[in-house]
$ cat final.txt   # compact mmCIF, C-alpha atoms
# COMPACT_ATOMS: atom_id res chain seq x y z
CA MET A 2 20.46 25.78 8.99
CA ARG A 3 20.26 23.98 12.30
CA ALA A 4 21.91 20.72 13.26
CA SER A 5 20.51 17.56 11.78
CA ILE A 6 19.20 14.21 12.81
CA TYR A 7 20.48 11.07 11.18
CA TYR A 8 19.40 7.48 10.80
CA GLY A 9 21.22 4.27 10.23
CA THR A 10 20.66 0.57 10.76
CA ALA A 11 17.93 -0.03 8.24
CA ALA A 12 16.84 3.56 7.93
CA LEU A 13 14.38 4.09 10.78
CA ALA A 14 15.24 1.28 13.15
CA THR A 15 17.40 3.36 15.45
CA LEU A 16 14.56 5.73 16.27
CA ALA A 17 10.95 4.84 16.77
CA CYS A 18 7.87 5.59 18.78
CA ALA A 19 7.32 5.63 22.48
CA SER A 20 8.05 2.54 24.49
CA PRO A 21 4.83 0.54 24.27
CA THR A 22 2.54 0.49 27.27
CA SER A 23 1.62 -3.09 26.43
CA SER A 24 3.10 -6.01 24.54
CA LEU A 25 2.52 -6.18 20.81
CA SER A 26 2.61 -9.96 20.80
CA PRO A 27 -0.98 -11.14 21.32
CA PRO A 28 -2.09 -14.54 20.09
CA TYR A 29 -3.77 -14.23 16.74
CA HIS A 30 -7.35 -15.29 16.39
CA GLU A 31 -9.58 -15.07 13.39
CA ARG A 32 -12.21 -12.41 12.97
CA ASN A 33 -14.40 -12.61 9.88
CA GLU A 34 -16.56 -9.93 8.35
CA HIS A 35 -18.54 -9.87 5.12
CA LYS A 36 -17.17 -8.33 1.97
CA GLY A 37 -18.52 -5.06 0.73
CA GLY A 38 -17.97 -2.18 -1.64
CA SER A 39 -17.71 0.67 0.83
CA TYR A 40 -14.72 2.10 2.66
CA TRP A 41 -15.58 0.48 5.99
CA GLU A 42 -16.92 -2.99 5.36
CA GLY A 43 -14.44 -5.64 6.37
CA ASP A 44 -12.93 -8.85 5.10
CA SER A 45 -11.11 -11.66 6.89
CA PHE A 46 -8.38 -10.35 9.17
CA LYS A 47 -6.35 -11.54 12.12
CA ASP A 48 -7.58 -9.50 15.07
CA LEU A 49 -4.92 -7.51 16.93
CA SER A 50 -7.38 -5.79 19.26
CA PRO A 51 -6.74 -4.17 21.74
CA TYR A 52 -3.34 -3.43 20.22
CA LEU A 53 -5.05 -1.60 17.38
CA PRO A 54 -7.64 0.92 18.55
CA ASP A 55 -11.31 1.28 17.65
CA GLY A 56 -11.81 -2.27 16.42
CA LEU A 57 -9.29 -1.94 13.60
CA PRO A 58 -8.71 -3.47 11.13
CA THR A 59 -12.47 -4.20 10.96
CA PRO A 60 -14.33 -1.59 13.03
CA SER A 61 -18.09 -1.47 13.26
CA ILE A 62 -20.11 1.30 11.64
CA GLU A 63 -20.50 2.88 15.08
CA GLN A 64 -16.75 2.83 15.59
CA ILE A 65 -16.19 4.31 12.14
CA ASN A 66 -18.53 7.17 13.02
CA GLU A 67 -16.56 7.83 16.21
CA ILE A 68 -13.26 7.78 14.30
CA GLN A 69 -14.62 10.21 11.71
CA SER A 70 -15.78 12.55 14.45
CA ARG A 71 -12.30 12.61 15.99
CA ALA A 72 -10.68 13.01 12.56
CA HIS A 73 -12.81 16.08 11.79
CA GLY A 74 -14.08 14.51 8.56
CA THR A 75 -15.34 11.41 6.83
CA LEU A 76 -14.10 8.74 4.51
CA PRO A 77 -14.83 9.71 0.90
CA ASN A 78 -18.34 8.72 -0.19
CA THR A 79 -17.42 8.77 -3.87
CA THR A 80 -16.98 5.65 -5.98
CA LEU A 81 -13.99 3.56 -5.01
CA PRO A 82 -11.22 3.37 -7.64
CA SER A 83 -11.58 0.06 -9.46
CA GLN A 84 -9.94 -1.90 -12.27
CA LEU A 85 -6.55 -0.65 -11.17
CA SER A 86 -3.33 -1.81 -12.79
CA ASN A 87 -0.94 -4.03 -10.87
CA ASP A 88 1.17 -0.94 -10.12
CA GLY A 89 -1.89 0.89 -8.84
CA ILE A 90 -2.78 -2.01 -6.57
CA THR A 91 0.80 -2.09 -5.26
CA ASN A 92 0.48 1.62 -4.43
CA PHE A 93 -2.51 0.97 -2.19
CA LYS A 94 -0.88 -2.09 -0.63
CA LEU A 95 2.05 0.08 0.43
CA ILE A 96 -0.28 2.81 1.69
CA ALA A 97 -2.21 0.31 3.81
CA PHE A 98 1.03 -1.22 5.13
CA ASN A 99 2.36 2.19 6.15
CA GLU A 100 -0.91 3.51 7.58
CA LEU A 101 -1.36 0.48 9.83
CA PHE A 102 2.14 1.10 11.17
CA GLU A 103 1.28 4.75 11.81
CA VAL A 104 -1.93 3.79 13.63
CA VAL A 105 0.04 1.68 16.11
CA PHE A 106 2.74 4.35 16.42
CA PHE A 107 0.38 7.21 17.28
CA PHE A 108 -1.87 5.02 19.43
CA GLU A 109 1.06 4.02 21.63
CA LEU A 110 2.40 7.57 21.75
CA LEU A 111 -1.02 8.81 22.89
CA GLN A 112 -1.18 6.08 25.53
CA ASN A 113 2.23 7.00 26.89
CA ILE A 114 1.41 10.71 27.13
CA THR A 115 -2.02 10.03 28.60
CA ASN A 116 -0.55 7.73 31.25
CA ASN A 117 2.40 10.06 32.03
CA VAL A 118 4.96 7.37 31.26
CA ASP A 119 8.52 8.43 32.15
CA GLY A 120 9.81 10.63 29.35
CA TYR A 121 6.33 11.69 28.24
CA GLU A 122 5.35 14.19 30.94
CA LEU A 123 4.56 17.35 28.96
CA GLY A 124 3.44 19.84 31.59
CA GLU A 125 1.29 22.71 30.35
CA ALA A 126 1.55 21.60 26.71
CA ARG A 127 0.03 18.19 27.44
CA ASP A 128 -3.63 18.90 26.66
CA GLU A 129 -2.89 20.68 23.39
CA ILE A 130 -0.53 17.93 22.21
CA LEU A 131 -3.06 15.24 23.14
CA GLU A 132 -5.73 17.06 21.15
CA ASP A 133 -3.52 17.23 18.05
CA LEU A 134 -2.36 13.63 18.28
CA THR A 135 -5.92 12.39 18.82
CA VAL A 136 -6.90 13.93 15.49
CA ILE A 137 -3.79 12.55 13.77
CA LEU A 138 -4.47 9.02 15.04
CA ALA A 139 -8.04 9.13 13.76
CA VAL A 140 -6.86 10.47 10.40
CA GLU A 141 -4.38 7.61 10.03
CA GLU A 142 -7.10 5.10 10.93
CA LEU A 143 -9.24 6.45 8.09
CA HIS A 144 -6.29 6.37 5.69
CA ALA A 145 -5.69 2.70 6.54
CA LEU A 146 -9.36 1.79 6.19
CA GLY A 147 -9.59 3.66 2.89
CA ALA A 148 -6.57 1.97 1.34
CA ASN A 149 -7.74 -1.51 2.30
CA ALA A 150 -11.25 -0.78 1.04
CA ILE A 151 -9.81 0.09 -2.36
CA LEU A 152 -7.87 -3.17 -2.38
CA ARG A 153 -11.06 -5.12 -1.64
CA GLU A 154 -12.87 -3.26 -4.41
CA ASN A 155 -10.18 -4.50 -6.79
CA GLY A 156 -10.52 -8.11 -5.66
CA VAL A 157 -7.32 -8.05 -3.61
CA ASP A 158 -6.88 -9.19 -0.01
CA PRO A 159 -6.42 -6.27 2.39
CA ILE A 160 -3.03 -5.78 4.00
CA GLU A 161 -2.98 -7.02 7.58
CA PRO A 162 -1.19 -5.36 10.51
CA CYS A 163 2.21 -6.48 11.76
CA ARG A 164 3.92 -6.22 15.11
CA TYR A 165 6.44 -3.44 15.48
CA ASN A 166 9.63 -2.74 17.39
CA PHE A 167 9.58 0.74 18.92
CA PRO A 168 12.90 1.17 20.77
CA VAL A 169 12.93 4.87 21.74
CA SER A 170 11.76 5.90 25.14
CA ASP A 171 10.81 9.58 25.26
CA TYR A 172 8.52 12.12 23.66
CA LYS A 173 11.26 14.11 21.92
CA ALA A 174 12.61 11.06 20.10
CA ALA A 175 9.10 9.95 19.17
CA ILE A 176 8.31 13.30 17.54
CA THR A 177 11.68 13.28 15.79
CA LEU A 178 10.88 9.93 14.25
CA ALA A 179 7.32 10.95 13.39
CA ALA A 180 8.69 13.92 11.46
CA THR A 181 11.15 11.75 9.55
CA PHE A 182 8.80 8.95 8.56
CA THR A 183 6.27 11.57 7.51
CA ASP A 184 8.94 13.07 5.24
CA VAL A 185 9.60 9.59 3.85
CA VAL A 186 5.88 9.08 3.19
CA LEU A 187 5.59 12.47 1.50
CA GLY A 188 8.30 11.41 -0.92
CA ALA A 189 6.73 8.01 -1.60
CA LEU A 190 3.28 9.49 -2.27
CA GLN A 191 4.86 11.65 -4.97
CA ASP A 192 6.16 8.46 -6.57
CA MET A 193 2.73 6.86 -6.40
CA ASN A 194 1.03 9.81 -8.07
CA ASN A 195 3.66 9.71 -10.79
CA ILE A 196 2.99 6.00 -11.33
CA PHE A 197 -0.76 6.58 -11.52
CA ALA A 198 -0.18 9.32 -14.08
CA GLN A 199 2.14 7.15 -16.18
CA ASN A 200 -0.53 4.43 -16.26
CA ALA A 201 -3.30 6.92 -17.12
CA GLU A 202 -5.08 6.08 -13.86
CA ASN A 203 -6.38 9.53 -13.10
CA GLY A 204 -8.97 8.54 -10.49
CA PRO A 205 -6.69 8.03 -7.49
CA VAL A 206 -4.51 11.10 -8.13
CA ARG A 207 -6.91 13.56 -6.53
CA LEU A 208 -7.35 11.27 -3.53
CA ILE A 209 -3.61 10.76 -3.03
CA SER A 210 -2.98 14.49 -3.46
CA SER A 211 -5.41 15.19 -0.61
CA VAL A 212 -3.45 12.76 1.58
CA ILE A 213 -0.18 14.50 0.65
CA GLY A 214 -1.67 17.77 1.87
CA ASN A 215 -2.82 16.18 5.11
CA GLU A 216 0.59 14.62 5.77
CA GLY A 217 2.15 18.02 5.13
CA GLU A 218 -0.11 19.53 7.79
CA GLN A 219 1.02 16.86 10.24
CA GLU A 220 4.66 17.47 9.37
CA SER A 221 4.21 21.17 10.17
CA LEU A 222 3.06 20.27 13.68
CA PHE A 223 6.07 18.01 14.23
CA ARG A 224 8.43 20.73 13.00
CA ILE A 225 6.85 23.34 15.28
CA ILE A 226 7.22 21.00 18.26
CA GLN A 227 10.92 20.64 17.34
CA LYS A 228 11.23 24.44 17.09
CA LYS A 229 12.09 24.30 13.41
CA THR A 230 10.87 26.57 10.64
CA THR A 231 7.50 25.31 9.43
CA PRO A 232 8.59 24.76 5.80
CA ALA A 233 11.69 22.61 5.41
CA GLN A 234 12.39 23.39 1.76
CA PRO A 235 10.57 24.83 -1.28
CA PHE A 236 10.25 21.46 -3.05
CA LEU A 237 10.02 18.45 -0.76
CA THR A 238 12.43 15.57 -1.27
CA THR A 239 11.10 12.92 -3.58
CA SER A 240 11.46 9.21 -2.95
CA THR A 241 10.35 5.83 -4.24
CA ARG A 242 8.01 3.14 -3.01
CA GLU A 243 10.97 0.83 -2.45
CA PHE A 244 12.78 3.28 -0.18
CA ALA A 245 9.64 3.84 1.92
CA PHE A 246 8.88 0.11 2.12
CA THR A 247 12.43 -0.60 3.27
CA ALA A 248 12.35 2.18 5.86
CA VAL A 249 9.10 1.06 7.49
CA ASN A 250 10.20 -2.58 7.38
CA SER A 251 13.11 -1.66 9.64
CA LEU A 252 10.55 -1.19 12.44
CA VAL A 253 8.64 -4.42 11.82
CA VAL A 254 9.17 -7.50 13.98
CA PRO A 255 10.49 -10.08 11.50
CA GLY A 256 7.94 -12.73 10.62
CA SER A 257 5.02 -10.85 12.21
CA CYS A 258 3.29 -9.65 9.03
CA PRO A 259 0.63 -12.15 7.88
CA ASN A 260 0.67 -11.12 4.21
CA ILE A 261 3.60 -8.78 3.63
CA GLY A 262 4.72 -11.14 0.87
CA GLU A 263 1.83 -9.85 -1.22
CA ILE A 264 3.53 -6.44 -1.53
CA PRO A 265 5.80 -6.85 -4.59
CA LEU A 266 8.43 -4.29 -3.62
CA GLN A 267 12.13 -4.77 -2.97
CA ILE A 268 13.57 -4.40 0.52
CA PHE A 269 17.17 -3.16 0.39
CA LYS A 270 20.01 -4.12 2.69
CA PRO A 271 20.69 -1.59 5.49
CA LEU A 272 22.94 1.44 5.02
CA ASN A 273 24.08 2.89 8.34
CA VAL A 274 24.85 6.59 8.86
CA LEU A 275 27.56 6.60 11.53
CA THR A 276 28.40 10.30 11.83
CA GLN A 277 26.54 12.08 14.62
CA ASP A 278 25.44 15.71 14.91
CA ILE A 279 25.51 16.29 11.16
CA GLY A 280 25.13 19.97 10.39
CA PRO A 281 25.14 22.20 7.33
CA MET A 282 28.90 22.64 7.51
CA THR A 283 29.63 18.93 7.87
CA LYS A 284 31.99 17.91 5.09
CA GLU A 285 32.62 14.23 5.65
CA ILE A 286 30.11 11.60 6.73
CA GLN A 287 30.87 8.03 7.75
CA PHE A 288 28.70 5.17 6.52
CA SER A 289 28.77 1.40 6.94
CA PHE A 290 27.04 -1.68 5.59
CA SER A 291 27.19 -5.39 6.31
CA LEU A 292 28.88 -7.70 3.84
CA GLN A 293 26.89 -10.67 5.10
CA ASP A 294 24.92 -12.20 2.22
CA ALA A 295 26.07 -9.30 0.03
CA ASP A 296 27.92 -10.39 -3.08
CA VAL A 297 29.32 -7.03 -4.17
CA ASP A 298 32.44 -5.72 -5.85
CA LEU A 299 33.68 -3.04 -3.46
CA ASP A 300 35.55 -1.37 -6.29
CA ALA A 301 32.37 -0.86 -8.28
CA LEU A 302 30.04 0.99 -5.92
CA SER A 303 28.64 4.52 -5.77
CA LEU A 304 27.08 6.63 -3.04
CA VAL A 305 24.00 8.52 -4.22
CA LEU A 306 22.32 11.47 -2.47
CA ILE A 307 18.72 12.45 -3.24
CA ASN A 308 17.37 15.80 -2.03
CA ALA A 309 14.40 17.94 -3.04
CA GLN A 310 13.45 17.63 -6.73
CA ASN A 311 17.03 17.76 -7.96
CA LYS A 312 19.07 15.28 -9.94
CA PRO A 313 20.72 12.71 -7.68
CA ILE A 314 24.34 13.42 -6.75
CA VAL A 315 26.65 10.47 -7.41
CA LYS A 316 30.00 9.85 -5.71
CA LYS A 317 32.28 6.89 -6.29
CA LEU A 318 33.00 4.93 -3.12
CA GLU A 319 36.66 5.15 -2.23
CA ASN A 320 38.91 4.13 0.65
CA ILE A 321 36.54 1.45 1.89
CA GLU A 322 37.74 -0.21 5.08
CA VAL A 323 36.67 -3.80 5.71
CA ASP A 324 36.42 -5.39 9.14
CA HIS A 325 36.73 -9.02 8.11
CA ASP A 326 36.08 -10.29 11.64
CA HIS A 327 32.62 -8.72 11.71
CA GLY A 328 31.93 -8.57 7.97
CA VAL A 329 31.38 -4.81 7.93
CA ALA A 330 32.51 -2.26 5.35
CA THR A 331 33.01 1.37 6.39
CA PHE A 332 33.61 4.39 4.18
CA ALA A 333 33.58 8.18 4.31
CA ALA A 334 32.07 10.55 1.77
CA ASP A 335 32.39 14.28 1.19
CA CYS A 336 28.79 15.52 1.21
CA ALA A 337 29.14 19.32 1.53
CA PHE A 338 25.48 19.87 2.38
CA ASN A 339 25.85 23.62 2.71
CA GLU A 340 27.13 24.04 -0.85
CA SER A 341 24.18 22.12 -2.28
CA LEU A 342 21.56 23.67 0.04
CA PHE A 343 20.50 20.24 1.23
CA TYR A 344 17.80 21.36 3.64
CA GLY A 345 15.20 18.88 4.86
CA LEU A 346 15.42 15.16 4.17
CA THR A 347 18.21 13.59 2.12
CA PHE A 348 18.11 9.94 1.06
CA THR A 349 21.44 8.17 0.67
CA ALA A 350 21.99 4.85 -1.07
CA VAL A 351 24.89 2.66 -2.14
CA THR A 352 24.38 1.48 -5.69
CA HIS A 353 26.13 -0.43 -8.41
CA SER A 354 28.68 1.90 -9.97
CA ALA A 355 27.23 4.68 -12.07
CA SER A 356 28.16 8.22 -12.99
CA PHE A 357 24.62 9.53 -13.51
CA PHE A 358 21.05 8.84 -12.40
CA LYS A 359 18.18 10.78 -13.90
CA ASP A 360 15.87 10.52 -10.87
CA ALA A 361 15.10 8.67 -7.64
CA GLY A 362 13.39 5.83 -9.47
CA ASP A 363 16.51 5.28 -11.52
CA VAL A 364 18.54 5.14 -8.29
CA ALA A 365 16.24 2.55 -6.72
CA LYS A 366 16.74 0.19 -9.66
CA LYS A 367 20.46 -0.06 -8.86
CA THR A 368 20.38 0.29 -5.07
CA ILE A 369 22.03 -2.40 -2.94
CA PHE A 370 22.17 -0.71 0.48
CA GLY A 371 19.82 2.00 1.72
CA PRO A 372 18.21 4.26 2.40
CA GLY A 373 20.28 6.13 4.92
CA LEU A 374 18.27 9.16 6.05
CA ILE A 375 19.72 12.54 6.98
CA GLU A 376 17.75 15.66 7.97
CA ILE A 377 19.22 19.17 8.13
CA ASP A 378 17.26 22.26 9.17
$ encode --input "final.txt" --output "structure tokens"
Amino acid sequence: MRASIYYGTAALATLACASPTSSLSPPYHERNEHKGGSYWEGDSFKDLSPYLPDGLPTPSIEQINEIQSRAHGTLPNTTLPSQLSNDGITNFKLIAFNELFEVVFFFELLQNITNNVDGYELGEARDEILEDLTVILAVEELHALGANAILRENGVDPIEPCRYNFPVSDYKAAITLAATFTDVVLGALQDMNNIFAQNAENGPVRLISSVIGNEGEQESLFRIIQKKTTPAQPFLTTSTREFAFTAVNSLVVPGSCPNIGEIPLQIFKPLNVLTQDIGPMTKEIQFSFSLQDADVDLDALSLVLINAQNKPIVKKLENIEVDHDHGVATFAADCAFNESLFYGLTFTAVTHSASFFKDAGDVAKKTIFGPGLIEID
């Protein structure tokens, strides 16, 4: 195992994409398109162009063709999934929300590398990296368009883009974050497929499975760039929609999402991972959370760790220290990653007291603070 990366302060907020080459605060103005039943016909959106590339969220047919060419493939021309359950619709709302975030992320990263912004000068590797990221950006554009098209087909308003806060300032940190949020997405897509299966909605499962494969290909690139082994673990860490929604929300400018309220998923309070340079032999990890607006019994809390496809590990919170002046609780937990072979991504959450959780979904139902994200390779 190599040393890890770690995330606190609302999961992903401490690491994000390249410093933007332009402001993400344009005045909104309306752009209306007619409704349709295909993957690329638009509805009423607030236009963020040029902050979203290629005319998104409502590109023209010509722009769609250009995106498909760069993505090395087309949007599916099969029948759009329709008559979805409320859970199925929520799945595609979350996918659209995440994919729009990824479009902005990779677009800005490409702009910074292309323009040789400080921290993004790549030398001989530049052309190859630009080629890979150009394909990835186009792929994410198609994923966003596809998810919103399915929402329209089900009589639901498409999810609109937000503004995002990208605080990191160099290529290495950007790729580190890209790898982590891709891991988070890979876990959430597992949850979505499971929900589709439970509701006997077989149609979207094949589509979502193809996206899982694509995201796995992207993750391999990010791991190679970081000089890690290509596979992180034999069975990737599972997650839930709520954990993914919370993680991406940590990068959203508050109040900037026109219709985020239409996504009926819980956003948890932040859990901060304080320990730095976590490695496989790390025994004790420090965490913290804010007590502001948190009505909790500190004697009745558990720390839960989720890794791979294994049962969650539950530890009772003990020796909690409270800074009353700042309203912050700090605690340490014995994690012993090496003993449990916790390679790859581990989700951590503080929950109402429990001795056992059967799976990640069970954990999410009782989560108060989280997810804290830890990666070990």
$ atom_distance --input "final.txt" --atom1 "CA of Phe106 (chain A)" --atom2 "CA of Phe343 (chain A)"
28.3 Å
$ residues_near_point --input "final.txt" --point "(12.8, 4.9, -1.0)" --cutoff "10 Å" --atoms "only C-alpha atoms" --output "count of residues only"
32
$ residues_near_point --input "final.txt" --point "(0.6, 10.3, 8.5)" --cutoff "8 Å" --atoms "all atoms listed in the file" --output "ChimeraX atom specification"
/A:100,103,137,140-141,183,186,215-216,219
$ closest_residue --input "final.txt" --among "A:Gly147, A:Gly345, A:Pro259, A:Pro205" --to "Leu76 (chain A)" --atoms "all atoms listed in the file"
A:Gly147
$ atom_distance --input "final.txt" --atom1 "CA of Ala337 (chain A)" --atom2 "CA of Glu285 (chain A)"
7.4 Å
$ residues_around --input "final.txt" --residues "His353 (chain A)" --least-positions-apart "6" --cutoff "9 Å" --atoms "all atoms listed in the file" --output "PyMOL selection string"
chain A and resi 297-298+301-304+367-369
$ closest_residue --input "final.txt" --among "A:Thr230, A:Thr283, A:Thr59, A:Ser170" --to "Val118 (chain A)" --atoms "only C-alpha atoms"
A:Ser170
$ closest_residue --input "final.txt" --among "A:Val249, A:Leu190, A:Tyr121, A:Phe236" --to "Phe98 (chain A)" --atoms "all atoms listed in the file"
A:Val249
$ atom_distance --input "final.txt" --atom1 "CA of Glu161 (chain A)" --atom2 "CA of Gly256 (chain A)"
12.7 Å
$ residues_around --input "final.txt" --residues "Tyr344 (chain A)" --least-positions-apart "6" --cutoff "7 Å" --atoms "all atoms listed in the file" --output "PyMOL selection string"
chain A and resi 233-234+377-378
$ closest_residue --input "final.txt" --among "A:Leu266, A:Leu275, A:Leu101, A:Ala72" --to "Glu132 (chain A)" --atoms "only C-alpha atoms"
A:Ala72
$ closest_residue --input "final.txt" --among "A:Lys312, A:Lys317, A:Arg153, A:His325" --to "Thr238 (chain A)" --atoms "all atoms listed in the file"
A:Lys312
$ residues_around --input "final.txt" --residues "Pro162 (chain A)" --least-positions-apart "5" --cutoff "10 Å" --atoms "all atoms listed in the file" --output "JSON list (two decimals) with C-alpha atoms, keeping the file's coordinate frame"
[["chain", "number", "residue", "atom", "x", "y", "z"],
["A", 46, "PHE", "CA", -8.38, -10.35, 9.17],
["A", 47, "LYS", "CA", -6.35, -11.54, 12.12],
["A", 48, "ASP", "CA", -7.58, -9.50, 15.07],
["A", 49, "LEU", "CA", -4.92, -7.51, 16.93],
["A", 53, "LEU", "CA", -5.05, -1.60, 17.38],
["A", 57, "LEU", "CA", -9.29, -1.94, 13.60],
["A", 58, "PRO", "CA", -8.71, -3.47, 11.13],
["A", 97, "ALA", "CA", -2.21, 0.31, 3.81],
["A", 98, "PHE", "CA", 1.03, -1.22, 5.13],
["A", 99, "ASN", "CA", 2.36, 2.19, 6.15],
["A", 100, "GLU", "CA", -0.91, 3.51, 7.58],
["A", 101, "LEU", "CA", -1.36, 0.48, 9.83],
["A", 102, "PHE", "CA", 2.14, 1.10, 11.17],
["A", 104, "VAL", "CA", -1.93, 3.79, 13.63],
["A", 105, "VAL", "CA", 0.04, 1.68, 16.11],
["A", 253, "VAL", "CA", 8.64, -4.42, 11.82],
["A", 257, "SER", "CA", 5.02, -10.85, 12.21],
["A", 258, "CYS", "CA", 3.29, -9.65, 9.03],
["A", 259, "PRO", "CA", 0.63, -12.15, 7.88],
["A", 260, "ASN", "CA", 0.67, -11.12, 4.21],
["A", 261, "ILE", "CA", 3.60, -8.78, 3.63]]
